[in-house]
Amino acid sequence: MSQTDEAARTEAIPGAGLRWWTELPLILLVYGAYTAGRLLARGDVAQAVDHGLAILRAEQAVRLNIEHPLNRLFTREPWLGVPADFWYASLHYLVTPLVLVWLFRRRAHIYRTARTWLMTSTMIGLVGFVLLPTCPPRLLAASHGFVDTMAYYSSYGWWGGAASAPKGMGGLTNQYAAMPSLHVGWALWCGVMLWRQARSPYVKALGVAYPLLTTIIVMGTANHYFFDALAGVAVMAVGLALTKPVRLVAARLNDRARLVLAGTATTPSATRAPIVSGECQTFPGERIPRQRKAATSQDSGDGAAAPAR
């Protein structure tokens, strides 16, 4: 059976081979690598500011600078700004794991593909953070007209003024990892999963609303530019295109690892020790073509076994 057939066969069997004690460490490993990569990808601040201003000018050139009116609205209306800050600081880390668990428990036939898509896209996003450190709108000079709503409303929430991290822990996050916006990318992944896999029309509607509202919120809170959001969508599209090749490579590596482990668990020389006679080499249990079976032991009268015929 080919690797493709094997992957298709496994995917067609709900829950085949899925174990939470293997899935959870894998997810934590990828997320840990992603978090560590964000911290290590801290680039030069001046360079990040230059990238942010270049994005802002590009948006203004094509009249897509919608961050300013949204940010003014969220700053002027606390009933919009405060919930938006809670949304930005919390749902990113709550909804995505919940959708993963739901897929694992209720949609096992699609779980592996969905999980691989999410992880692949996340790693691609990390490459973007490394290559293009970007200053978000909220960290630009005040002359550019943006208000950091998370700092403005920090007395309402658990986050600090430095970032969406808990108070006093702003230094543990990379505030210049803005391009692409994985808040938008992960929300899009959740929306697609809910739209395609949920049966309730209300849940499907949530699948549409969640990424759209997240896109508005990341701009209204001045955490991302509109082009950051578009880049988040593009990253998810590339991740989706790479999902099948990544799964096939992972399947081959898994099979190879099993063969290596199986080879170390058995001793070939003990199980298939050759028998050498002249120029002929055989193994226990091997039959030579046209060889007759030895006759069963029969008493030939003197107690000796009868010769084979």
# chains A, B, ... in the order shown; residues from 1 in each chain; ligands from 1

call {"tool": "residues_around", "arguments": {"residues": "Val246 of chain A", "least_positions_apart": "3", "cutoff": "9 Å", "atoms": "only C-alpha atoms", "output": "number ranges by chain"}}
result
A: 116-117, 120, 242-243, 249-251

call {"tool": "atom_distance", "arguments": {"atom1": "atom CA of Phe74 of chain A", "atom2": "atom CA of Leu98 of chain A"}}
result
27.8 Å

call {"tool": "residues_around", "arguments": {"residues": "Leu64 of chain A", "least_positions_apart": "2", "cutoff": "12 Å", "atoms": "only C-alpha atoms", "output": "list in words"}}
result
Ile55, Leu56, Arg57, Ala58, Glu59, Gln60, Ala61, Val62, Ile66, Glu67, His68, Pro69, Met219, Tyr225, Phe226, Phe227 and Leu230 of chain A

call {"tool": "atom_distance", "arguments": {"atom1": "atom CA of Ala209 of chain A", "atom2": "atom CA of Asp228 of chain A"}}
result
18.9 Å

call {"tool": "atom_distance", "arguments": {"atom1": "atom CA of Arg72 of chain A", "atom2": "atom CA of Leu94 of chain A"}}
result
27.4 Å

call {"tool": "residues_around", "arguments": {"residues": "segment 133-136 of chain A", "least_positions_apart": "3", "cutoff": "12 Å", "atoms": "only C-alpha atoms", "output": "ChimeraX atom specification"}}
result
/A:38-56,67,125-130,139-141,144,146-148,163,174-181,218-229

call {"tool": "residues_around", "arguments": {"residues": "Val203 of chain A", "least_positions_apart": "4", "cutoff": "7 Å", "atoms": "only C-alpha atoms", "output": "JSON, numbers by chain"}}
result
{"A": [194, 198, 207]}

call {"tool": "write_last_selection", "arguments": {"atoms": "N, CA and C atoms", "output": "PDB file, in the first residue's frame"}}
result
ATOM      1  N   LEU A 194     -15.706  25.695  11.646  1.00  0.00           N
ATOM      2  CA  LEU A 194     -17.086  25.755  12.133  1.00  0.00           C
ATOM      3  C   LEU A 194     -18.077  25.769  10.975  1.00  0.00           C
ATOM      4  N   ALA A 198     -19.737  22.158  11.380  1.00  0.00           N
ATOM      5  CA  ALA A 198     -20.868  22.273  12.300  1.00  0.00           C
ATOM      6  C   ALA A 198     -22.170  21.974  11.564  1.00  0.00           C
ATOM      7  N   GLY A 207     -19.169  30.901  12.723  1.00  0.00           N
ATOM      8  CA  GLY A 207     -17.965  30.652  11.936  1.00  0.00           C
ATOM      9  C   GLY A 207     -17.689  31.758  10.933  1.00  0.00           C
TER      10      GLY A 207
END

call {"tool": "closest_residue", "arguments": {"among": "A:Tyr31, A:Leu132, A:Pro25, A:Thr149", "to": "Glu77 of chain A", "atoms": "only C-alpha atoms"}}
result
A:Thr149

call {"tool": "select_by_dssp", "arguments": {"residues": "segment 88-222 of chain A", "states": "helix (DSSP H, G or I)", "output": "ChimeraX atom specification"}}
result
/A:88-106,108-131,137-139,142-144,149-152,154-156,170-172,182-197,201-220

call {"tool": "residues_around", "arguments": {"residues": "Leu213 of chain A", "least_positions_apart": "5", "cutoff": "10 Å", "atoms": "only C-alpha atoms", "output": "MDAnalysis selection string"}}
result
chainID A and resid 84 87 184 187 208 218

call {"tool": "select_by_dssp", "arguments": {"residues": "segment 30-277 of chain A", "states": "strand (DSSP E or B)", "output": "number ranges by chain"}}
result
A: 159, 166, 275-277

call {"tool": "write_last_selection", "arguments": {"atoms": "C-alpha atoms", "output": "PDB file, in the first residue's frame"}}
result
ATOM      1  CA  TRP A 159      -3.502  43.024  30.462  1.00  0.00           C
ATOM      2  CA  PRO A 166      -0.715  39.981  31.660  1.00  0.00           C
ATOM      3  CA  ILE A 275      22.441 -22.833   7.539  1.00  0.00           C
ATOM      4  CA  VAL A 276      25.434 -23.229   5.246  1.00  0.00           C
ATOM      5  CA  SER A 277      26.122 -26.492   3.481  1.00  0.00           C
TER       6      SER A 277
END
